[in-house]
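Note: the block below is protein_27.pdb and it holds PDB, C-alpha atoms.
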```
ATOM      1  CA  MET J 298     305.278 -10.088  17.596
ATOM      2  CA  ALA J 299     306.071 -12.020  14.439
ATOM      3  CA  PHE J 300     304.999 -15.657  14.137
ATOM      4  CA  THR J 301     307.110 -18.468  12.668
ATOM      5  CA  ILE J 302     305.380 -20.311   9.841
ATOM      6  CA  ALA J 303     306.722 -23.696   8.732
ATOM      7  CA  LEU J 304     305.954 -24.394   5.070
ATOM      8  CA  ASN J 305     306.185 -28.131   4.360
ATOM      9  CA  PHE J 306     306.335 -28.792   0.625
ATOM     10  CA  GLU J 307     305.251 -31.919  -1.233
ATOM     11  CA  ASP J 308     308.854 -32.977  -1.914
ATOM     12  CA  GLY J 309     309.737 -33.007   1.798
ATOM     13  CA  VAL J 310     311.493 -29.628   1.893
ATOM     14  CA  SER J 311     310.626 -27.316   4.794
ATOM     15  CA  ARG J 312     311.085 -23.552   4.753
ATOM     16  CA  PHE J 313     310.444 -21.248   7.678
ATOM     17  CA  ILE J 314     309.195 -17.692   7.294
ATOM     18  CA  GLN J 315     308.303 -14.873   9.671
ATOM     19  CA  CYS J 316     304.781 -13.480   9.455
ATOM     20  CA  ASN J 317     304.178 -10.034  10.946
ATOM     21  CA  PRO J 318     301.057  -9.182  12.987
ATOM     22  CA  ASN J 319     297.983  -8.944  10.722
ATOM     23  CA  GLU J 320     300.047 -10.038   7.712
ATOM     24  CA  LYS J 321     298.656 -12.691   5.385
ATOM     25  CA  VAL J 322     300.750 -15.825   4.878
ATOM     26  CA  LEU J 323     300.874 -15.410   1.091
ATOM     27  CA  ASP J 324     302.223 -11.856   1.445
ATOM     28  CA  ALA J 325     304.779 -12.939   4.060
ATOM     29  CA  ALA J 326     306.004 -15.747   1.827
ATOM     30  CA  TYR J 327     306.373 -13.469  -1.201
ATOM     31  CA  ARG J 328     308.183 -10.916   0.943
ATOM     32  CA  GLN J 329     310.686 -13.667   1.780
ATOM     33  CA  LYS J 330     311.014 -14.766  -1.859
ATOM     34  CA  ILE J 331     308.884 -17.914  -1.676
ATOM     35  CA  ASN J 332     306.249 -17.934  -4.415
ATOM     36  CA  LEU J 333     303.357 -19.901  -2.968
ATOM     37  CA  PRO J 334     300.771 -20.879  -5.616
ATOM     38  CA  MET J 335     298.295 -18.113  -6.413
ATOM     39  CA  ASP J 336     296.261 -16.589  -9.232
ATOM     40  CA  CYS J 337     293.996 -13.932  -7.785
ATOM     41  CA  SER J 338     295.191 -13.255  -4.181
ATOM     42  CA  ASP J 339     291.614 -12.128  -3.418
ATOM     43  CA  GLY J 340     290.038 -15.338  -2.091
ATOM     44  CA  VAL J 341     288.243 -16.015  -5.379
ATOM     45  CA  CYS J 342     290.096 -18.783  -7.243
ATOM     46  CA  GLY J 343     291.261 -21.236  -4.529
ATOM     47  CA  THR J 344     294.679 -21.713  -6.176
ATOM     48  CA  CYS J 345     296.501 -20.907  -2.922
ATOM     49  CA  LYS J 346     294.651 -23.582  -0.944
ATOM     50  CA  CYS J 347     296.863 -25.405   1.584
ATOM     51  CA  HIS J 348     296.363 -27.391   4.788
ATOM     52  CA  CYS J 349     297.196 -25.958   8.202
ATOM     53  CA  GLU J 350     298.588 -28.852  10.216
ATOM     54  CA  GLN J 351     298.721 -26.900  13.464
ATOM     55  CA  GLY J 352     298.426 -23.377  14.826
ATOM     56  CA  GLU J 353     295.824 -20.653  15.273
ATOM     57  CA  TYR J 354     294.683 -18.340  12.491
ATOM     58  CA  SER J 355     291.786 -16.365  11.075
ATOM     59  CA  LEU J 356     290.471 -16.311   7.508
ATOM     60  CA  GLY J 357     287.986 -13.461   7.637
ATOM     61  CA  ASP J 358     284.914 -13.391   5.420
ATOM     62  CA  ASP J 359     286.368 -11.960   2.209
ATOM     63  CA  TYR J 360     286.588 -15.183   0.215
ATOM     64  CA  LEU J 361     284.122 -17.102  -1.917
ATOM     65  CA  GLU J 362     282.549 -20.421  -0.980
ATOM     66  CA  ASP J 363     283.710 -21.736  -4.370
ATOM     67  CA  ALA J 364     287.324 -21.044  -3.326
ATOM     68  CA  LEU J 365     287.043 -22.643   0.129
ATOM     69  CA  SER J 366     283.928 -24.476   1.290
ATOM     70  CA  GLU J 367     282.817 -24.614   4.907
ATOM     71  CA  GLN J 368     283.585 -28.347   4.995
ATOM     72  CA  GLU J 369     287.126 -27.721   3.744
ATOM     73  CA  ALA J 370     287.674 -24.993   6.328
ATOM     74  CA  GLN J 371     286.556 -27.380   9.077
ATOM     75  CA  ARG J 372     289.194 -29.869   7.906
ATOM     76  CA  GLY J 373     291.929 -27.250   8.304
ATOM     77  CA  LEU J 374     292.215 -26.197   4.681
ATOM     78  CA  VAL J 375     293.123 -22.535   4.273
ATOM     79  CA  LEU J 376     293.586 -19.903   1.607
ATOM     80  CA  THR J 377     297.043 -18.451   2.232
ATOM     81  CA  CYS J 378     295.947 -15.204   0.562
ATOM     82  CA  GLN J 379     293.415 -14.757   3.396
ATOM     83  CA  MET J 380     295.096 -16.569   6.298
ATOM     84  CA  VAL J 381     296.319 -14.320   9.139
ATOM     85  CA  PRO J 382     298.187 -16.347  11.814
ATOM     86  CA  GLY J 383     297.481 -15.926  15.511
ATOM     87  CA  SER J 384     300.345 -18.209  16.565
ATOM     88  CA  ASP J 385     303.216 -20.185  15.056
ATOM     89  CA  CYS J 386     301.791 -22.474  12.352
ATOM     90  CA  VAL J 387     302.711 -25.506  10.276
ATOM     91  CA  ILE J 388     301.293 -25.474   6.742
ATOM     92  CA  ASP J 389     301.361 -28.304   4.200
ATOM     93  CA  VAL J 390     301.821 -26.947   0.678
ATOM     94  CA  PRO J 391     300.566 -29.376  -2.029
ATOM     95  CA  MET J 392     303.351 -28.515  -4.443
ATOM     96  CA  ALA J 393     307.072 -29.201  -4.857
ATOM     97  CA  SER J 394     309.364 -26.526  -3.455
ATOM     98  CA  ALA J 395     311.030 -25.904  -6.817
ATOM     99  CA  LEU J 396     307.686 -24.886  -8.319
ATOM    100  CA  CYS J 397     307.491 -22.209  -5.626
ATOM    101  CA  LYS J 398     310.962 -20.981  -6.608
ATOM    102  CA  THR J 399     312.557 -22.189  -3.407
ATOM    103  CA  GLY J 400     314.319 -25.282  -2.059
ATOM    104  CA  CYS J 401     316.516 -26.472   0.763
ATOM    105  CA  GLU J 402     318.483 -23.873   2.655
ATOM    106  CA  GLU J 403     322.249 -24.246   2.869
ATOM    107  CA  PHE J 404     324.233 -23.904   6.096
ATOM    108  CA  PHE J 405     327.882 -24.235   7.027
ATOM    109  CA  ALA J 406     329.143 -25.617  10.311
ATOM    110  CA  SER J 407     332.402 -26.632  11.938
ATOM    111  CA  VAL J 408     333.045 -29.887  13.767
ATOM    112  CA  VAL J 409     333.142 -29.501  17.546
ATOM    113  CA  ALA J 410     333.478 -33.172  18.437
ATOM    114  CA  THR J 411     332.871 -36.705  17.217
ATOM    115  CA  THR J 412     332.148 -39.029  20.113
ATOM    116  CA  ALA J 413     332.012 -42.822  19.915
ATOM    117  CA  LEU J 414     329.117 -43.601  22.241
ATOM    118  CA  SER J 415     329.485 -47.306  21.484
ATOM    119  CA  SER J 416     330.923 -49.486  18.733
ATOM    120  CA  SER J 417     327.697 -48.894  16.777
ATOM    121  CA  ALA J 418     326.823 -45.250  17.487
ATOM    122  CA  ILE J 419     328.563 -41.906  16.992
ATOM    123  CA  GLU J 420     327.481 -38.496  18.220
ATOM    124  CA  LEU J 421     328.389 -35.634  15.894
ATOM    125  CA  SER J 422     328.442 -32.154  17.442
ATOM    126  CA  LEU J 423     328.653 -29.080  15.194
ATOM    127  CA  GLN J 424     328.727 -25.315  15.610
ATOM    128  CA  LEU J 425     326.909 -23.314  12.955
ATOM    129  CA  GLU J 426     328.719 -20.485  11.173
ATOM    130  CA  ASP J 427     327.205 -17.162  10.122
ATOM    131  CA  CYS J 428     323.712 -17.917  11.446
ATOM    132  CA  ASP J 429     321.965 -17.936  14.798
ATOM    133  CA  GLY J 430     320.496 -21.403  14.349
ATOM    134  CA  ILE J 431     318.553 -23.696  12.046
ATOM    135  CA  ALA J 432     314.772 -23.609  12.237
ATOM    136  CA  PHE J 433     313.305 -27.093  12.016
ATOM    137  CA  LEU J 434     310.496 -29.143  13.527
ATOM    138  CA  PRO J 435     311.651 -31.622  16.204
ATOM    139  CA  GLY J 436     312.053 -34.951  14.425
ATOM    140  CA  GLN J 437     313.158 -33.577  11.044
ATOM    141  CA  TYR J 438     316.494 -34.315   9.370
ATOM    142  CA  ILE J 439     319.133 -32.493   7.350
ATOM    143  CA  ASN J 440     321.602 -33.630   4.674
ATOM    144  CA  VAL J 441     325.253 -33.446   5.748
ATOM    145  CA  GLU J 442     327.886 -33.461   3.009
ATOM    146  CA  VAL J 443     330.841 -35.811   3.460
ATOM    147  CA  PRO J 444     333.967 -33.589   3.249
ATOM    148  CA  GLY J 445     336.012 -34.091   0.099
ATOM    149  CA  THR J 446     333.137 -35.718  -1.770
ATOM    150  CA  GLU J 447     329.858 -34.765  -3.407
ATOM    151  CA  ALA J 448     327.996 -37.361  -1.346
ATOM    152  CA  SER J 449     325.760 -36.497   1.588
ATOM    153  CA  ARG J 450     323.985 -38.393   4.331
ATOM    154  CA  ALA J 451     320.642 -37.628   5.970
ATOM    155  CA  TYR J 452     320.657 -37.369   9.773
ATOM    156  CA  SER J 453     317.894 -36.471  12.213
ATOM    157  CA  PHE J 454     318.639 -33.670  14.647
ATOM    158  CA  SER J 455     319.014 -34.804  18.252
ATOM    159  CA  SER J 456     319.264 -31.171  19.403
ATOM    160  CA  LEU J 457     316.685 -28.409  19.842
ATOM    161  CA  PRO J 458     315.600 -26.152  16.938
ATOM    162  CA  GLY J 459     317.132 -22.700  16.750
ATOM    163  CA  ASP J 460     320.433 -23.425  18.536
ATOM    164  CA  ARG J 461     323.817 -22.656  16.979
ATOM    165  CA  ALA J 462     325.095 -25.913  18.478
ATOM    166  CA  VAL J 463     323.534 -28.862  16.641
ATOM    167  CA  SER J 464     324.008 -32.570  17.230
ATOM    168  CA  PHE J 465     323.243 -35.863  15.536
ATOM    169  CA  LEU J 466     323.215 -39.480  16.665
ATOM    170  CA  LEU J 467     324.270 -41.738  13.827
ATOM    171  CA  ARG J 468     325.043 -45.362  13.235
ATOM    172  CA  ASN J 469     328.690 -46.343  12.818
ATOM    173  CA  VAL J 470     328.678 -48.308   9.557
ATOM    174  CA  PRO J 471     331.951 -50.197   8.964
ATOM    175  CA  GLY J 472     333.252 -49.022   5.592
ATOM    176  CA  GLY J 473     330.566 -46.347   5.371
ATOM    177  CA  LEU J 474     331.620 -43.108   3.728
ATOM    178  CA  MET J 475     330.575 -40.777   6.555
ATOM    179  CA  SER J 476     331.448 -43.258   9.291
ATOM    180  CA  SER J 477     334.966 -43.657   7.895
ATOM    181  CA  TYR J 478     335.420 -39.894   7.846
ATOM    182  CA  LEU J 479     334.128 -39.407  11.390
ATOM    183  CA  THR J 480     336.126 -42.260  12.930
ATOM    184  CA  GLY J 481     339.360 -41.800  10.991
ATOM    185  CA  LYS J 482     339.744 -38.285   9.634
ATOM    186  CA  ALA J 483     337.466 -35.750  11.322
ATOM    187  CA  GLN J 484     339.154 -33.003  13.330
ATOM    188  CA  PRO J 485     337.661 -30.162  15.393
ATOM    189  CA  GLY J 486     337.233 -27.150  13.137
ATOM    190  CA  ASP J 487     336.569 -29.148   9.950
ATOM    191  CA  LYS J 488     333.969 -27.414   7.781
ATOM    192  CA  LEU J 489     330.772 -29.210   6.774
ATOM    193  CA  ARG J 490     327.962 -28.174   4.452
ATOM    194  CA  LEU J 491     324.359 -28.905   5.451
ATOM    195  CA  ARG J 492     321.189 -28.678   3.337
ATOM    196  CA  GLY J 493     317.656 -28.819   4.685
ATOM    197  CA  PRO J 494     315.695 -29.255   6.853
ATOM    198  CA  GLN J 495     313.420 -31.936   5.459
ATOM    199  CA  GLY J 496     310.961 -34.625   6.441
ATOM    200  CA  SER J 497     307.353 -35.190   7.459
ATOM    201  CA  PHE J 498     308.311 -37.020  10.660
ATOM    202  CA  TYR J 499     308.041 -34.348  13.324
ATOM    203  CA  LEU J 500     306.299 -33.663  16.618
ATOM    204  CA  ARG J 501     302.750 -32.404  16.129
ATOM    205  CA  ALA J 502     300.765 -30.325  18.615
ATOM    206  CA  VAL J 503     300.372 -32.413  21.768
ATOM    207  CA  SER J 504     296.793 -32.930  22.957
ATOM    208  CA  ARG J 505     296.826 -36.583  24.099
ATOM    209  CA  PRO J 506     299.307 -39.166  25.475
ATOM    210  CA  LEU J 507     302.383 -39.957  23.377
ATOM    211  CA  LEU J 508     304.005 -43.318  22.644
ATOM    212  CA  PHE J 509     307.528 -43.148  21.190
ATOM    213  CA  LEU J 510     309.032 -46.310  19.639
ATOM    214  CA  ALA J 511     312.758 -46.074  18.813
ATOM    215  CA  GLY J 512     315.114 -48.590  17.260
ATOM    216  CA  GLY J 513     318.904 -48.106  17.474
ATOM    217  CA  THR J 514     320.001 -44.634  16.419
ATOM    218  CA  GLY J 515     316.345 -43.975  15.575
ATOM    219  CA  LEU J 516     316.456 -42.574  19.105
ATOM    220  CA  ALA J 517     317.896 -39.305  17.682
ATOM    221  CA  PRO J 518     314.662 -37.515  16.682
ATOM    222  CA  PHE J 519     313.052 -38.440  19.994
ATOM    223  CA  LEU J 520     315.832 -36.677  21.898
ATOM    224  CA  SER J 521     314.921 -33.499  20.017
ATOM    225  CA  MET J 522     311.207 -34.065  20.686
ATOM    226  CA  LEU J 523     311.783 -34.723  24.391
ATOM    227  CA  GLU J 524     313.819 -31.541  24.738
ATOM    228  CA  GLN J 525     311.006 -29.590  23.085
ATOM    229  CA  LEU J 526     308.454 -31.158  25.435
ATOM    230  CA  ALA J 527     310.630 -30.446  28.477
ATOM    231  CA  GLN J 528     311.081 -26.801  27.544
ATOM    232  CA  SER J 529     307.385 -26.295  26.741
ATOM    233  CA  GLY J 530     306.326 -27.933  29.997
ATOM    234  CA  SER J 531     304.029 -30.523  28.430
ATOM    235  CA  SER J 532     301.778 -32.310  30.924
ATOM    236  CA  GLN J 533     300.694 -35.201  28.691
ATOM    237  CA  PRO J 534     302.047 -38.685  29.501
ATOM    238  CA  VAL J 535     304.985 -39.728  27.293
ATOM    239  CA  HIS J 536     306.271 -43.304  27.164
ATOM    240  CA  LEU J 537     309.338 -44.329  25.151
ATOM    241  CA  ILE J 538     310.267 -47.910  24.259
ATOM    242  CA  TYR J 539     313.849 -48.017  23.009
ATOM    243  CA  GLY J 540     315.026 -51.261  21.406
ATOM    244  CA  VAL J 541     318.515 -52.314  20.281
ATOM    245  CA  THR J 542     320.259 -55.510  19.194
ATOM    246  CA  HIS J 543     323.029 -55.804  21.809
ATOM    247  CA  ASP J 544     323.592 -54.383  25.286
ATOM    248  CA  HIS J 545     326.415 -52.139  24.081
ATOM    249  CA  ASP J 546     324.078 -50.526  21.538
ATOM    250  CA  LEU J 547     322.156 -48.736  24.309
ATOM    251  CA  VAL J 548     323.256 -45.097  24.388
ATOM    252  CA  LYS J 549     322.108 -41.782  25.872
ATOM    253  CA  LEU J 550     320.625 -43.461  28.954
ATOM    254  CA  GLU J 551     321.857 -40.661  31.235
ATOM    255  CA  GLN J 552     320.058 -38.129  29.043
ATOM    256  CA  LEU J 553     316.868 -40.193  29.192
ATOM    257  CA  GLU J 554     317.168 -40.269  32.997
ATOM    258  CA  ARG J 555     317.402 -36.478  33.029
ATOM    259  CA  TYR J 556     314.227 -36.244  30.949
ATOM    260  CA  ARG J 557     312.499 -38.457  33.490
ATOM    261  CA  GLU J 558     313.412 -35.853  36.094
ATOM    262  CA  ARG J 559     312.394 -32.884  33.944
ATOM    263  CA  LEU J 560     309.166 -34.325  32.501
ATOM    264  CA  ALA J 561     306.799 -35.369  35.277
ATOM    265  CA  ASN J 562     304.863 -37.814  33.086
ATOM    266  CA  PHE J 563     307.766 -39.288  31.115
ATOM    267  CA  SER J 564     308.713 -42.961  31.404
ATOM    268  CA  TYR J 565     310.878 -45.212  29.296
ATOM    269  CA  LEU J 566     311.842 -48.848  28.867
ATOM    270  CA  THR J 567     314.853 -50.291  27.069
ATOM    271  CA  CYS J 568     314.859 -53.740  25.504
ATOM    272  CA  VAL J 569     317.610 -55.790  23.861
ATOM    273  CA  ALA J 570     317.013 -58.421  21.188
ATOM    274  CA  SER J 571     320.103 -60.550  21.801
ATOM    275  CA  GLU J 572     319.530 -63.725  23.818
ATOM    276  CA  ALA J 573     322.910 -63.137  25.468
ATOM    277  CA  SER J 574     321.743 -59.792  26.837
ATOM    278  CA  GLN J 575     321.893 -58.986  30.552
ATOM    279  CA  SER J 576     318.963 -56.595  30.192
ATOM    280  CA  PRO J 577     315.888 -57.241  32.354
ATOM    281  CA  HIS J 578     313.798 -56.629  29.230
ATOM    282  CA  LYS J 579     314.794 -58.921  26.359
ATOM    283  CA  GLY J 580     313.254 -59.207  22.940
ATOM    284  CA  TYR J 581     311.806 -56.725  20.487
ATOM    285  CA  VAL J 582     309.857 -53.507  20.953
ATOM    286  CA  THR J 583     306.597 -55.212  19.964
ATOM    287  CA  GLN J 584     306.988 -57.690  22.858
ATOM    288  CA  HIS J 585     306.874 -54.841  25.372
ATOM    289  CA  LEU J 586     303.666 -53.178  24.213
ATOM    290  CA  ASP J 587     300.766 -53.786  26.558
ATOM    291  CA  ALA J 588     297.169 -52.608  26.639
ATOM    292  CA  SER J 589     297.810 -49.883  29.214
ATOM    293  CA  GLN J 590     300.406 -48.270  26.965
ATOM    294  CA  LEU J 591     298.081 -48.383  23.950
ATOM    295  CA  ASN J 592     295.364 -46.511  25.899
ATOM    296  CA  ASP J 593     292.509 -47.883  23.738
ATOM    297  CA  GLY J 594     293.929 -45.945  20.777
ATOM    298  CA  ASP J 595     293.601 -42.532  22.420
ATOM    299  CA  LEU J 596     297.225 -41.553  21.872
ATOM    300  CA  ASP J 597     299.686 -40.371  19.228
ATOM    301  CA  VAL J 598     302.311 -42.909  18.152
ATOM    302  CA  TYR J 599     305.725 -41.965  16.743
ATOM    303  CA  LEU J 600     307.984 -44.705  15.375
ATOM    304  CA  CYS J 601     311.543 -44.414  14.060
ATOM    305  CA  GLY J 602     314.000 -47.211  13.370
ATOM    306  CA  PRO J 603     315.493 -49.514  10.732
ATOM    307  CA  PRO J 604     313.069 -50.944   8.145
ATOM    308  CA  PRO J 605     312.701 -54.419   9.743
ATOM    309  CA  MET J 606     311.697 -52.877  13.064
ATOM    310  CA  VAL J 607     309.209 -50.483  11.459
ATOM    311  CA  GLU J 608     307.645 -53.308   9.441
ATOM    312  CA  ALA J 609     307.420 -55.459  12.576
ATOM    313  CA  VAL J 610     305.549 -52.722  14.456
ATOM    314  CA  LEU J 611     303.187 -52.121  11.527
ATOM    315  CA  SER J 612     302.432 -55.865  11.372
ATOM    316  CA  ASP J 613     301.916 -56.000  15.131
ATOM    317  CA  PHE J 614     299.424 -53.124  15.032
ATOM    318  CA  GLN J 615     297.579 -54.841  12.204
ATOM    319  CA  ARG J 616     297.466 -58.114  14.143
ATOM    320  CA  ARG J 617     296.061 -56.316  17.183
ATOM    321  CA  ALA J 618     293.597 -54.364  14.983
ATOM    322  CA  PHE J 619     295.013 -51.326  16.751
ATOM    323  CA  THR J 620     294.536 -47.851  15.277
ATOM    324  CA  PRO J 621     295.931 -44.891  17.240
ATOM    325  CA  ALA J 622     294.472 -41.401  17.001
ATOM    326  CA  SER J 623     297.502 -40.473  14.904
ATOM    327  CA  PHE J 624     300.496 -42.481  13.736
ATOM    328  CA  HIS J 625     303.750 -41.098  12.321
ATOM    329  CA  TYR J 626     306.752 -43.206  11.374
ATOM    330  CA  GLU J 627     310.084 -43.007   9.600
ATOM    331  CA  LYS J 628     312.384 -45.751   8.358
ATOM    332  CA  PHE J 629     316.114 -45.244   8.031
ATOM    333  CA  ALA J 630     318.736 -47.391   6.349
ATOM    334  CA  ALA J 631     322.439 -46.717   6.710
ATOM    335  CA  SER J 632     324.227 -45.810   3.454
ATOM    336  CA  GLN J 633     327.351 -47.820   2.773
ATOM    337  CA  THR J 634     330.145 -47.607   0.230
ATOM    338  CA  ALA J 635     330.506 -50.416  -2.279
TER     339      ALA J 635
END
```
Taking this structure as input, can you express it in the form of structure tokens?
Amino acid sequence: MAFTIALNFEDGVSRFIQCNPNEKVLDAAYRQKINLPMDCSDGVCGTCKCHCEQGEYSLGDDYLEDALSEQEAQRGLVLTCQMVPGSDCVIDVPMASALCKTGCEEFFASVVATTALSSSAIELSLQLEDCDGIAFLPGQYINVEVPGTEASRAYSFSSLPGDRAVSFLLRNVPGGLMSSYLTGKAQPGDKLRLRGPQGSFYLRAVSRPLLFLAGGTGLAPFLSMLEQLAQSGSSQPVHLIYGVTHDHDLVKLEQLERYRERLANFSYLTCVASEASQSPHKGYVTQHLDASQLNDGDLDVYLCGPPPMVEAVLSDFQRRAFTPASFHYEKFAASQTA
């Protein structure tokens, strides 16, 4: 059985390759026309050194200590010329994709539907053409070209990796280039070009409780993560705090309810910043973080939202002197035409 290896490059580009049983990662990459850094390919020089973010593998004993020390190996550093995967893996490559003679993949898709979920949020549903699906890590994004222009916008997947049907949850920006197209011109069957996937904000291997903090349409990557967790049958507790500005900005609540049914240890809370809100939980995300949710730091925190929200959470953690076991965050700002 072949294993899927995600290669995350320094410039944010991700490429996915298939590695056959007993095949070394370097050989698999070259076979699929990705030139990972190398000089000797014999475990002597250390040029192919990368970091394995997650997954199982073996390195054997045929490399020199000068190429990879025992301390480096304990930190997850690997020599791709010696690394034989035993599962799907995620590898960080300390080099730009272009230097490895690769880059973003290009896909074409047709519009299935554009749905106004609220006055501030649009769901874009696409069907991929000429491919079985896009490989990505839950939480990553892809660049979608605005038809009739050379401009593109970056959107996080809200769907599961590998499906031909892909979806995105995006902010409706009045006067925005993509928003104007989706609300005024888009028709089912329209062709769109996509390039990616990209991004270092993605779900890591789950070994402790998870805290998800979402602001506005920053909910999108968490929908993809939750679907992955539901399908894998994760047993770790997952708590989502989802904050918006106004009551009408809350979307996808029915989907969150379904995840509560499918994931035994999933809970969520919505909060609304507006003083005129009818929500039982008013205020900002930071006002609804308590000690029980922070679990004395023994948890992984994922944060996605507009820059002011992300900065507020970072400041709140600093004020609390709170350091989680791992912390991953992504800011997004809507692009707008002049």
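Here the PyMOL selection byres ((chain J and resi 336-339) around 9) captures the residues Leu323, Pro334, Met335, Gly340, Val341, Cys342, Gly343, Thr344, Cys345, Asp359, Tyr360, Leu376, Thr377, Cys378 and Gln379 of chain J.
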Once you have the residues from the selection above, write them out as a JSON list (two decimals), in the frame of the given file, restricted to C-alpha atoms.
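Written out: selection_37.json:
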```
[["chain", "number", "residue", "atom", "x", "y", "z"],
["J", 323, "LEU", "CA", 300.87, -15.41, 1.09],
["J", 334, "PRO", "CA", 300.77, -20.88, -5.62],
["J", 335, "MET", "CA", 298.30, -18.11, -6.41],
["J", 340, "GLY", "CA", 290.04, -15.34, -2.09],
["J", 341, "VAL", "CA", 288.24, -16.02, -5.38],
["J", 342, "CYS", "CA", 290.10, -18.78, -7.24],
["J", 343, "GLY", "CA", 291.26, -21.24, -4.53],
["J", 344, "THR", "CA", 294.68, -21.71, -6.18],
["J", 345, "CYS", "CA", 296.50, -20.91, -2.92],
["J", 359, "ASP", "CA", 286.37, -11.96, 2.21],
["J", 360, "TYR", "CA", 286.59, -15.18, 0.22],
["J", 376, "LEU", "CA", 293.59, -19.90, 1.61],
["J", 377, "THR", "CA", 297.04, -18.45, 2.23],
["J", 378, "CYS", "CA", 295.95, -15.20, 0.56],
["J", 379, "GLN", "CA", 293.42, -14.76, 3.40]]
```
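Between Leu479 in chain J and the candidates J:Ala432, J:Ala364, J:Val322, J:Ala418, the tightest atom-to-atom separation, counting only C-alpha atoms, involves J:Ala418.
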Which residues are close to Glu572 in chain J, i.e. within 10 Å by all atoms listed in the file, leaving aside same-chain residues fewer than 5 positions away? Reply as an mmCIF file with C-alpha atoms, in the frame of the given file.
```cif
data_model
loop_
_atom_site.group_PDB
_atom_site.id
_atom_site.type_symbol
_atom_site.label_atom_id
_atom_site.label_comp_id
_atom_site.auth_asym_id
_atom_site.auth_seq_id
_atom_site.Cartn_x
_atom_site.Cartn_y
_atom_site.Cartn_z
ATOM 1 C CA THR J 542 320.259 -55.510 19.194
ATOM 2 C CA HIS J 543 323.029 -55.804 21.809
ATOM 3 C CA LYS J 579 314.794 -58.921 26.359
ATOM 4 C CA GLY J 580 313.254 -59.207 22.940
#
```
Which residues match the PyMOL selection byres ((chain J and resi 456) around 9) in the file above, as a ChimeraX atom specification?
/J:435,454-455,457-458,460,462-465,517-518,520-522,524
Measuring between all atoms listed in the file, which one of J:Asp593, J:Glu320, J:Glu558, J:Glu608 shows the shortest distance to Phe629 in chain J?
J:Glu608
If you count all atoms listed in the file, which residues fall within 7 Å of Asn332 in chain J, apart from same-chain ones fewer than 2 positions away, as a PyMOL selection string?
chain J and resi 326-327+330+334+397-398
Just the residues within 10 Å of range 597-604 of chain J, please, counting only C-alpha atoms, with nothing from its chain fewer than 4 positions along; format it as a tab-separated table (two decimals) with C-alpha atoms, in the coordinates of the input.
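Output contents, as saved in part_25.tsv:
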```tsv
chain	number	residue	atom	x	y	z
J	436	GLY	CA	312.05	-34.95	14.42
J	498	PHE	CA	308.31	-37.02	10.66
J	499	TYR	CA	308.04	-34.35	13.32
J	500	LEU	CA	306.30	-33.66	16.62
J	501	ARG	CA	302.75	-32.40	16.13
J	503	VAL	CA	300.37	-32.41	21.77
J	504	SER	CA	296.79	-32.93	22.96
J	505	ARG	CA	296.83	-36.58	24.10
J	506	PRO	CA	299.31	-39.17	25.48
J	507	LEU	CA	302.38	-39.96	23.38
J	508	LEU	CA	304.00	-43.32	22.64
J	509	PHE	CA	307.53	-43.15	21.19
J	510	LEU	CA	309.03	-46.31	19.64
J	511	ALA	CA	312.76	-46.07	18.81
J	512	GLY	CA	315.11	-48.59	17.26
J	513	GLY	CA	318.90	-48.11	17.47
J	514	THR	CA	320.00	-44.63	16.42
J	515	GLY	CA	316.35	-43.98	15.58
J	516	LEU	CA	316.46	-42.57	19.10
J	517	ALA	CA	317.90	-39.30	17.68
J	518	PRO	CA	314.66	-37.52	16.68
J	519	PHE	CA	313.05	-38.44	19.99
J	535	VAL	CA	304.98	-39.73	27.29
J	536	HIS	CA	306.27	-43.30	27.16
J	537	LEU	CA	309.34	-44.33	25.15
J	538	ILE	CA	310.27	-47.91	24.26
J	539	TYR	CA	313.85	-48.02	23.01
J	540	GLY	CA	315.03	-51.26	21.41
J	541	VAL	CA	318.52	-52.31	20.28
J	591	LEU	CA	298.08	-48.38	23.95
J	608	GLU	CA	307.64	-53.31	9.44
J	609	ALA	CA	307.42	-55.46	12.58
J	610	VAL	CA	305.55	-52.72	14.46
J	611	LEU	CA	303.19	-52.12	11.53
J	620	THR	CA	294.54	-47.85	15.28
J	621	PRO	CA	295.93	-44.89	17.24
J	622	ALA	CA	294.47	-41.40	17.00
J	623	SER	CA	297.50	-40.47	14.90
J	624	PHE	CA	300.50	-42.48	13.74
J	625	HIS	CA	303.75	-41.10	12.32
J	626	TYR	CA	306.75	-43.21	11.37
J	627	GLU	CA	310.08	-43.01	9.60
J	628	LYS	CA	312.38	-45.75	8.36
J	629	PHE	CA	316.11	-45.24	8.03
J	630	ALA	CA	318.74	-47.39	6.35
J	631	ALA	CA	322.44	-46.72	6.71
```
